[in-house]
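Below: upload-v2.txt (compact mmCIF, C-alpha atoms)
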```txt
# COMPACT_ATOMS: atom_id res chain seq x y z
CA MET A 783 -25.74 9.82 -0.36
CA LYS A 784 -22.97 12.13 -1.46
CA PHE A 785 -20.13 12.92 0.88
CA ASN A 786 -17.27 15.38 1.19
CA LEU A 787 -13.77 13.92 1.39
CA LEU A 788 -10.45 15.32 2.56
CA ILE A 789 -7.23 13.65 1.35
CA VAL A 790 -4.15 14.51 3.44
CA ASP A 791 -0.85 13.37 1.93
CA ASP A 792 2.40 15.17 1.19
CA SER A 793 2.76 13.44 -2.18
CA ALA A 794 0.77 15.05 -5.00
CA ILE A 795 0.91 11.86 -7.02
CA THR A 796 -0.45 9.82 -4.11
CA ARG A 797 -3.34 12.25 -3.73
CA ALA A 798 -4.00 11.89 -7.47
CA ILE A 799 -3.87 8.09 -7.21
CA ILE A 800 -6.35 8.13 -4.34
CA LYS A 801 -8.71 10.44 -6.25
CA ARG A 802 -8.54 8.17 -9.29
CA THR A 803 -9.17 5.10 -7.15
CA ILE A 804 -12.17 6.77 -5.51
CA LYS A 805 -13.65 7.29 -8.99
CA MET A 806 -12.88 3.70 -9.97
CA ALA A 807 -14.59 2.52 -6.78
CA GLU A 808 -17.77 4.29 -7.96
CA LEU A 809 -18.13 6.27 -4.76
CA THR A 810 -20.31 9.34 -5.09
CA VAL A 811 -18.23 12.19 -3.74
CA GLU A 812 -19.57 15.75 -3.68
CA ASN A 813 -16.28 17.55 -2.98
CA ILE A 814 -12.71 16.31 -2.66
CA TYR A 815 -10.43 18.60 -0.65
CA GLU A 816 -6.66 18.13 -0.51
CA ALA A 817 -3.95 19.00 2.01
CA GLY A 818 -0.22 18.36 2.04
CA ASN A 819 0.21 17.78 5.78
CA GLY A 820 -1.72 17.49 9.02
CA GLN A 821 -1.65 21.21 9.79
CA SER A 822 -3.08 22.08 6.38
CA GLY A 823 -5.62 19.31 6.86
CA LEU A 824 -6.83 20.86 10.12
CA GLU A 825 -7.13 24.22 8.38
CA VAL A 826 -9.33 22.65 5.69
CA LEU A 827 -11.43 20.98 8.39
CA GLY A 828 -11.92 24.37 10.03
CA GLN A 829 -13.31 25.87 6.86
CA ALA A 830 -15.14 23.10 4.98
CA SER A 831 -17.75 20.52 5.81
CA VAL A 832 -15.94 17.17 5.60
CA ASP A 833 -17.51 13.74 6.15
CA LEU A 834 -14.38 11.59 5.90
CA VAL A 835 -10.60 12.06 6.04
CA LEU A 836 -8.14 9.81 4.21
CA ALA A 837 -4.69 10.52 5.63
CA ASP A 838 -1.10 9.46 5.26
CA LEU A 839 0.90 8.91 8.46
CA ASN A 840 4.37 10.21 7.62
CA MET A 841 4.18 13.82 6.56
CA PRO A 842 6.30 16.91 7.15
CA GLU A 843 5.28 19.62 9.66
CA MET A 844 2.44 17.61 11.19
CA ASP A 845 1.98 13.87 10.68
CA GLY A 846 -1.25 11.90 10.50
CA PHE A 847 -1.05 10.78 14.14
CA GLU A 848 -0.87 14.31 15.50
CA MET A 849 -3.60 15.52 13.17
CA THR A 850 -5.88 12.71 14.38
CA ARG A 851 -5.08 13.40 18.04
CA ARG A 852 -6.03 17.04 17.56
CA MET A 853 -9.22 16.06 15.75
CA LEU A 854 -10.19 13.73 18.60
CA ALA A 855 -9.56 16.53 21.11
CA ASP A 856 -11.75 18.98 19.18
CA GLU A 857 -15.51 18.79 19.83
CA ARG A 858 -16.24 20.04 16.30
CA LEU A 859 -14.00 17.47 14.56
CA LYS A 860 -13.95 14.34 16.70
CA HIS A 861 -16.99 12.83 14.96
CA ILE A 862 -15.26 12.84 11.55
CA PRO A 863 -13.90 9.38 10.71
CA VAL A 864 -10.26 9.07 9.67
CA VAL A 865 -8.90 6.26 7.49
CA VAL A 866 -5.13 5.93 7.26
CA ILE A 867 -3.58 5.08 3.89
CA SER A 868 0.00 3.97 4.31
CA ALA A 869 2.71 1.62 3.12
CA GLU A 870 4.06 1.36 6.69
CA PRO A 871 3.90 -2.26 7.87
CA ASN A 872 2.71 -1.26 11.33
CA ALA A 873 0.17 1.37 10.25
CA ALA A 874 -2.82 -0.74 11.27
CA ASP A 875 -1.39 -1.28 14.77
CA PHE A 876 -0.71 2.43 15.22
CA ALA A 877 -4.13 3.32 13.85
CA ARG A 878 -5.84 1.13 16.42
CA ASP A 879 -3.77 2.61 19.25
CA VAL A 880 -4.64 6.18 18.31
CA GLY A 881 -8.32 5.51 17.69
CA ILE A 882 -8.29 5.88 13.92
CA HIS A 883 -11.32 4.34 12.25
CA GLY A 884 -9.66 2.31 9.54
CA CYS A 885 -6.46 1.54 7.74
CA LEU A 886 -5.79 0.94 4.06
CA SER A 887 -2.49 -0.66 3.21
CA LYS A 888 -0.71 0.26 0.00
CA PRO A 889 -0.98 -1.05 -2.63
CA PHE A 890 -4.76 -0.78 -2.47
CA THR A 891 -7.48 -1.77 -4.90
CA PRO A 892 -10.67 0.20 -5.68
CA GLU A 893 -12.60 -2.53 -3.87
CA ALA A 894 -10.53 -2.10 -0.72
CA VAL A 895 -10.97 1.68 -0.85
CA ARG A 896 -14.71 1.32 -1.32
CA SER A 897 -14.99 -1.11 1.58
CA ALA A 898 -12.92 1.07 3.93
CA VAL A 899 -14.84 4.24 3.03
CA LEU A 900 -18.25 2.62 3.49
CA GLN A 901 -17.21 1.09 6.79
CA ALA A 902 -15.83 4.39 8.07
CA LEU A 903 -18.99 6.25 7.04
CA GLY A 904 -21.16 3.52 8.57
CA VAL A 905 -23.25 3.05 5.45
CA GLU A 906 -23.83 0.25 2.96
CA HIS A 907 -23.49 2.36 -0.16
CA VAL A 908 -22.97 5.93 -1.34
CA MET B 1493 17.65 -14.45 6.06
CA CYS B 1494 20.26 -15.14 3.39
CA LYS B 1495 21.09 -12.86 0.49
CA ASP B 1496 19.19 -14.94 -2.07
CA ASN B 1497 16.02 -14.90 0.01
CA ASN B 1498 16.26 -11.13 0.35
CA ALA B 1499 16.69 -10.72 -3.40
CA GLN B 1500 13.75 -13.01 -4.07
CA LEU B 1501 11.56 -11.17 -1.58
CA LEU B 1502 12.57 -7.84 -3.09
CA VAL B 1503 11.69 -8.91 -6.64
CA GLN B 1504 8.36 -10.44 -5.51
CA SER B 1505 7.43 -7.29 -3.62
CA LEU B 1506 8.40 -5.00 -6.50
CA ALA B 1507 6.36 -7.19 -8.86
CA GLU B 1508 3.32 -6.93 -6.58
CA ALA B 1509 3.65 -3.16 -6.25
CA LEU B 1510 3.98 -2.60 -10.01
CA GLU B 1511 1.24 -5.07 -10.93
CA THR B 1512 -1.31 -3.84 -8.40
CA MET B 1513 -0.69 -0.12 -8.76
CA ALA B 1514 0.36 0.32 -12.36
CA PHE B 1515 -0.60 -2.89 -14.17
CA ILE B 1516 3.04 -3.48 -15.10
CA SER B 1517 4.54 -6.98 -15.19
CA ILE B 1518 8.18 -7.75 -14.62
CA THR B 1519 10.29 -10.67 -15.77
CA PRO B 1520 13.97 -11.47 -15.24
CA LEU B 1521 16.17 -9.82 -17.85
CA GLU B 1522 17.90 -12.58 -19.77
CA GLN B 1523 20.89 -10.60 -20.95
CA ALA B 1524 22.54 -7.77 -19.06
CA PRO B 1525 23.37 -4.68 -21.09
CA ALA B 1526 27.07 -4.03 -21.56
CA GLN B 1527 26.60 -0.49 -20.38
CA LEU B 1528 23.95 1.31 -18.38
CA GLU B 1529 22.54 4.45 -19.87
CA SER B 1530 21.65 7.39 -17.65
CA ALA B 1531 19.47 6.33 -14.77
CA LEU B 1532 17.75 7.50 -11.63
CA LYS B 1533 18.41 5.75 -8.35
CA ALA B 1534 15.47 5.55 -5.97
CA SER B 1535 16.27 4.31 -2.49
CA ILE B 1536 14.53 3.74 0.80
CA ARG B 1537 15.95 2.64 4.12
CA PHE B 1538 14.24 0.58 6.76
CA THR B 1539 15.51 -0.01 10.26
CA GLY B 1540 14.61 -2.58 12.88
CA PRO B 1541 15.76 -6.10 13.75
CA MET B 1542 17.15 -6.14 10.20
CA SER B 1543 18.23 -2.82 8.70
CA ARG B 1544 18.60 -2.51 4.95
CA SER B 1545 18.47 -0.12 2.03
CA ILE B 1546 16.50 -0.93 -1.09
CA GLU B 1547 17.72 0.60 -4.32
CA LEU B 1548 16.04 0.74 -7.69
CA LEU B 1549 17.62 1.96 -10.94
CA ALA B 1550 15.25 3.09 -13.65
CA SER B 1551 15.11 5.60 -16.48
CA GLU B 1552 13.08 8.79 -16.45
CA ASP B 1553 11.08 7.29 -19.32
CA PHE B 1554 10.07 4.45 -17.02
CA GLY B 1555 9.04 6.97 -14.36
CA ARG B 1556 6.79 8.73 -16.85
CA TYR B 1557 5.39 5.37 -17.99
CA VAL B 1558 4.59 4.36 -14.39
CA GLN B 1559 3.02 7.73 -13.65
CA GLY B 1560 0.86 7.44 -16.76
CA ASN B 1561 -0.36 4.03 -15.63
CA LEU B 1562 -0.89 5.12 -12.03
CA LEU B 1563 -3.05 8.04 -13.09
CA GLY B 1564 -4.63 6.52 -16.19
CA GLU B 1565 -2.98 9.05 -18.48
CA SER B 1566 -0.67 8.90 -21.46
CA PRO B 1567 3.01 9.01 -20.44
CA GLY B 1568 4.14 12.61 -20.07
CA GLU B 1569 0.58 13.94 -20.19
CA SER B 1570 0.41 14.76 -16.49
CA SER B 1571 1.59 18.10 -15.17
CA LEU B 1572 2.03 16.67 -11.66
CA CYS B 1573 5.64 15.59 -12.06
CA PRO B 1574 6.90 15.69 -15.66
CA SER B 1575 9.99 13.65 -14.82
CA GLY B 1576 8.03 10.79 -13.25
CA GLN B 1577 10.37 10.76 -10.24
CA ASP B 1578 7.52 10.85 -7.72
CA ALA B 1579 6.00 7.76 -9.33
CA ILE B 1580 9.23 5.82 -8.88
CA LYS B 1581 9.48 6.99 -5.26
CA GLU B 1582 5.93 5.80 -4.62
CA ILE B 1583 6.69 2.39 -6.13
CA ILE B 1584 9.77 1.86 -3.97
CA ASN B 1585 7.89 3.10 -0.90
CA VAL B 1586 5.15 0.52 -1.43
CA THR B 1587 7.71 -2.19 -2.26
CA CYS B 1588 9.43 -1.58 1.07
CA GLY B 1589 6.13 -1.79 2.94
CA LEU B 1590 5.33 -5.11 1.25
CA ILE B 1591 8.73 -6.54 2.22
CA LEU B 1592 8.11 -5.73 5.87
CA ARG B 1593 4.40 -6.48 6.06
CA ASP B 1594 4.63 -10.23 6.50
CA LYS B 1595 7.27 -10.11 9.19
CA SER B 1596 6.03 -11.25 12.59
CA ASP B 1597 8.04 -8.42 14.19
CA ARG B 1598 6.83 -5.79 11.72
CA ALA B 1599 5.92 -3.39 14.53
CA SER B 1600 9.64 -3.02 15.26
CA TYR B 1601 10.43 -1.63 11.81
CA THR B 1602 10.58 1.98 10.70
CA MET B 1603 10.63 3.12 7.09
CA ALA B 1604 12.44 6.27 6.03
CA VAL B 1605 11.23 8.67 3.36
CA PRO B 1606 12.18 7.49 -0.16
CA ARG B 1607 14.88 9.43 -1.98
CA ILE B 1608 15.73 9.79 -5.64
CA GLU B 1609 18.90 11.01 -7.30
CA SER B 1610 20.89 10.69 -10.49
CA PHE B 1611 22.96 7.52 -10.62
CA ASP B 1612 26.58 7.58 -11.70
CA THR B 1613 26.68 4.80 -14.26
CA SER B 1614 30.46 4.80 -14.69
CA GLY B 1615 31.09 2.43 -11.79
CA TRP B 1616 28.06 0.24 -12.28
CA ALA B 1617 28.70 -3.31 -11.09
CA VAL B 1618 26.03 -5.32 -12.85
CA HIS B 1619 26.53 -8.49 -10.78
CA GLN B 1620 25.38 -6.69 -7.65
CA TRP B 1621 21.90 -6.10 -9.04
CA GLU B 1622 18.82 -8.09 -9.99
CA LEU B 1623 18.00 -7.12 -13.57
CA LEU B 1624 14.39 -7.03 -14.67
CA ASP B 1625 12.32 -6.25 -17.72
CA ALA B 1626 9.23 -4.16 -17.01
CA ASP B 1627 7.10 -3.79 -20.13
CA GLY B 1628 10.28 -3.26 -22.15
CA PHE B 1629 12.05 -1.01 -19.63
CA MET B 1630 15.14 -2.26 -17.85
CA LEU B 1631 15.13 -2.09 -14.06
CA ALA B 1632 17.85 -3.01 -11.60
CA VAL B 1633 17.15 -3.62 -7.90
CA ARG B 1634 19.10 -4.67 -4.86
CA MET B 1635 18.86 -4.78 -1.10
CA ARG B 1636 21.95 -3.68 0.82
CA GLU B 1637 22.91 -4.06 4.42
CA GLU B 1638 22.94 -0.73 6.24
CA GLN B 1639 26.44 0.58 6.88
```
For this file, write the structure as structure tokens.
Amino acid sequence: MKFNLLIVDDSAITRAIIKRTIKMAELTVENIYEAGNGQSGLEVLGQASVDLVLADLNMPEMDGFEMTRRMLADERLKHIPVVVISAEPNAADFARDVGIHGCLSKPFTPEAVRSAVLQALGVEHV
Amino acid sequence: MCKDNNAQLLVQSLAEALETMAFISITPLEQAPAQLESALKASIRFTGPMSRSIELLASEDFGRYVQGNLLGESPGESSLCPSGQDAIKEIINVTCGLILRDKSDRASYTMAVPRIESFDTSGWAVHQWELLDADGFMLAVRMREEQ
């Protein structure tokens, strides 16, 4: 199974680190889309077919919480799982409160990324 | 939490961030340099039951070295951020998160966005910093009480 991934983070280097880690985790990704904040992420979601979103929480213009709230309120987007990737110590608590599907704490390993992606997609392997 | 515990926690957290993300090991620097060459100062503030600023001094060369390791590239090869400043900001961001993660009241803490700026080396007070060797690069770190 190949899947399409959207990475939403305001740091270009963090997006690059996540992409590299996805490769190291041997996940078979068809397309990787990128966005620098929640608003741009929603615009990508409106145009492309995305199976999973990996999102930072603290971003300018629109943060990861607001982006997720809008996704959950949108019939076309609410089925797409969101995994938060953050260094914030309380990210997992916030993620649960908002209804986000998973949380990856920085620093993360390829194994942790693989596990979180598979769990969010509800599959055993991709 | 006393000053020594804070310093120890800071060094442990920085070591974990560098080791896990960039495969870089740090050790205490045995001998302080007489003078600090030009450096960048990365800082991040956290607020909550205990409010502090974490500061890290490092060279641009170290930033490029970290970025190379983070992305699996040769230092300076990436066009993302030629100065390596973003890599240093990411390291201090993760270090701050690690410091706060084990606290029982972690939900009460907020992290600010990391900043980076040139550091004026003329008034450098070496005794205020923890000095470290990171794969041959000198680093200096400290945790300061918020004013």
Exercise for the section: Excluding segment 850-866 of chain A and residues on its chain fewer than 6 positions from it, collect all residues at most 8 Å away from it, counting all atoms listed in the file, and give them as a ChimeraX atom specification. Expected result: /A:824,827,832-839,873,877,880,882-886,898-899,902-903
Save out the residues we just selected, C-alpha atoms, as an mmCIF file, keeping the file's coordinate frame.
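The resulting part.cif:
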```cif
data_model
loop_
_atom_site.group_PDB
_atom_site.id
_atom_site.type_symbol
_atom_site.label_atom_id
_atom_site.label_comp_id
_atom_site.auth_asym_id
_atom_site.auth_seq_id
_atom_site.Cartn_x
_atom_site.Cartn_y
_atom_site.Cartn_z
ATOM 1 C CA LEU A 824 -6.830 20.860 10.120
ATOM 2 C CA LEU A 827 -11.430 20.980 8.390
ATOM 3 C CA VAL A 832 -15.940 17.170 5.600
ATOM 4 C CA ASP A 833 -17.510 13.740 6.150
ATOM 5 C CA LEU A 834 -14.380 11.590 5.900
ATOM 6 C CA VAL A 835 -10.600 12.060 6.040
ATOM 7 C CA LEU A 836 -8.140 9.810 4.210
ATOM 8 C CA ALA A 837 -4.690 10.520 5.630
ATOM 9 C CA ASP A 838 -1.100 9.460 5.260
ATOM 10 C CA LEU A 839 0.900 8.910 8.460
ATOM 11 C CA ALA A 873 0.170 1.370 10.250
ATOM 12 C CA ALA A 877 -4.130 3.320 13.850
ATOM 13 C CA VAL A 880 -4.640 6.180 18.310
ATOM 14 C CA ILE A 882 -8.290 5.880 13.920
ATOM 15 C CA HIS A 883 -11.320 4.340 12.250
ATOM 16 C CA GLY A 884 -9.660 2.310 9.540
ATOM 17 C CA CYS A 885 -6.460 1.540 7.740
ATOM 18 C CA LEU A 886 -5.790 0.940 4.060
ATOM 19 C CA ALA A 898 -12.920 1.070 3.930
ATOM 20 C CA VAL A 899 -14.840 4.240 3.030
ATOM 21 C CA ALA A 902 -15.830 4.390 8.070
ATOM 22 C CA LEU A 903 -18.990 6.250 7.040
#
```
Using only C-alpha atoms, find each residue in segment 1519-1596 of chain B having at least one atom no more than 9 Å away from segment 799-805 of chain A; report its shortest atom-to-atom pair and that distance in Å (one decimal), rows by chain then rising number, as a Markdown table.
```
| residue | atom | partner | partner_atom | distance |
| --- | --- | --- | --- | --- |
| B:Leu1562 | CA | A:Ile799 | CA | 6.4 |
| B:Leu1563 | CA | A:Ile799 | CA | 5.9 |
| B:Gly1564 | CA | A:Arg802 | CA | 8.1 |
```
Handout entry: Atomic distance atom CA of Ile1591 of chain B - atom CA of Asn819 of chain A, expressed in Å with one decimal
Key =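 Atom CA of Asn819 of chain A lies 26.0 Å from atom CA of Ile1591 of chain B.
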With a cut-off of 12 Å, could you pull out the residues of chain A touching chain B and give me the nearest pair of atoms for each, distance in Å to one decimal, using only C-alpha atoms, ordered by chain and ascending number, as a tab-separated table?
```
residue	atom	partner	partner_atom	distance
A:Asp792	CA	B:Asp1578	CA	11.1
A:Ser793	CA	B:Asp1578	CA	7.7
A:Ala794	CA	B:Leu1572	CA	7.0
A:Ile795	CA	B:Asp1578	CA	6.7
A:Thr796	CA	B:Glu1582	CA	7.6
A:Arg797	CA	B:Leu1563	CA	10.3
A:Ala798	CA	B:Leu1563	CA	6.9
A:Ile799	CA	B:Leu1563	CA	5.9
A:Ile800	CA	B:Leu1563	CA	9.4
A:Lys801	CA	B:Leu1563	CA	9.2
A:Arg802	CA	B:Leu1563	CA	6.7
A:Thr803	CA	B:Leu1563	CA	9.0
A:Ile804	CA	B:Leu1563	CA	11.9
A:Lys805	CA	B:Leu1563	CA	11.4
A:Met806	CA	B:Gly1564	CA	10.7
A:Leu839	CA	B:Met1603	CA	11.4
A:Asn840	CA	B:Val1605	CA	8.2
A:Met841	CA	B:Val1605	CA	9.3
A:Pro842	CA	B:Val1605	CA	10.3
A:Ile867	CA	B:Val1586	CA	11.2
A:Ser868	CA	B:Val1586	CA	8.4
A:Ala869	CA	B:Gly1589	CA	4.8
A:Glu870	CA	B:Gly1589	CA	5.3
A:Pro871	CA	B:Arg1593	CA	4.6
A:Asn872	CA	B:Ala1599	CA	5.0
A:Ala873	CA	B:Ala1599	CA	8.6
A:Ala874	CA	B:Ala1599	CA	9.7
A:Asp875	CA	B:Ala1599	CA	7.6
A:Phe876	CA	B:Ala1599	CA	8.8
A:Ser887	CA	B:Gly1589	CA	8.7
A:Lys888	CA	B:Val1586	CA	6.0
A:Pro889	CA	B:Met1513	CA	6.2
A:Phe890	CA	B:Thr1512	CA	7.5
A:Thr891	CA	B:Thr1512	CA	7.4
A:Pro892	CA	B:Met1513	CA	10.4
```
Exercise for the section: State, in Å with one decimal place, the distance from atom CA of Val1503 of chain B to atom CA of Gly1628 of chain B. Expected result: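 Between atom CA of Val1503 of chain B and atom CA of Gly1628 of chain B the gap is 16.6 Å.
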Handout entry: Atomic separation - atom CA of Asn1497 of chain B relative to atom CA of Ser1610 of chain B, Å
Key =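 Atom-to-atom, atom CA of Ser1610 of chain B and atom CA of Asn1497 of chain B are spaced 28.1 Å apart.
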So that I can see what lies close to segment 1613-1620 of chain B, please list as a short mmCIF file (atom, residue, chain, number, x, y, z; two decimals) with C-alpha atoms, in the frame of the given file the residues with an atom at most 9 Å from it, counting all atoms listed in the file and leaving out residues fewer than 3 positions away in the same chain.
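Okay, this is what ended up in selection-v5.cif:
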```
data_model
loop_
_atom_site.label_atom_id
_atom_site.label_comp_id
_atom_site.auth_asym_id
_atom_site.auth_seq_id
_atom_site.Cartn_x
_atom_site.Cartn_y
_atom_site.Cartn_z
CA ALA B 1524 22.54 -7.77 -19.06
CA PRO B 1525 23.37 -4.68 -21.09
CA ALA B 1526 27.07 -4.03 -21.56
CA GLN B 1527 26.60 -0.49 -20.38
CA LEU B 1528 23.95 1.31 -18.38
CA GLU B 1529 22.54 4.45 -19.87
CA SER B 1530 21.65 7.39 -17.65
CA ALA B 1531 19.47 6.33 -14.77
CA LEU B 1623 18.00 -7.12 -13.57
CA ALA B 1632 17.85 -3.01 -11.60
CA VAL B 1633 17.15 -3.62 -7.90
CA ARG B 1634 19.10 -4.67 -4.86
#
```
Exercise for the section: Return the single residue from A:Glu848, A:Ile814, A:Glu808, A:Ser897 that is closest to Leu787 of chain A, with distances computed using all atoms listed in the file. Expected result: A:Ile814
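Minimum atom-to-atom distance to Gln1523 of chain B, evaluated using all atoms listed in the file, belongs to B:Met1630 out of B:Ile1546, B:Asp1553, B:Gln1500, B:Met1630.
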Handout entry: Contacts of Met849 of chain A at 8 Å (all atoms listed in the file; same-chain gap of 6+ positions) as a list in words
Key = Gly820, Gln821, Gly823 and Leu824 of chain A
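Applying the 10 Å criterion to (21.6, 0.9, -4.4) in file coordinates and using only C-alpha atoms, one obtains the residues B:Lys1533, B:Ala1534, B:Ser1535, B:Ile1536, B:Ser1545, B:Ile1546, B:Glu1547, B:Leu1548, B:Leu1549, B:Phe1611, B:Gln1620, B:Trp1621, B:Ala1632, B:Val1633, B:Arg1634, B:Met1635, B:Arg1636.
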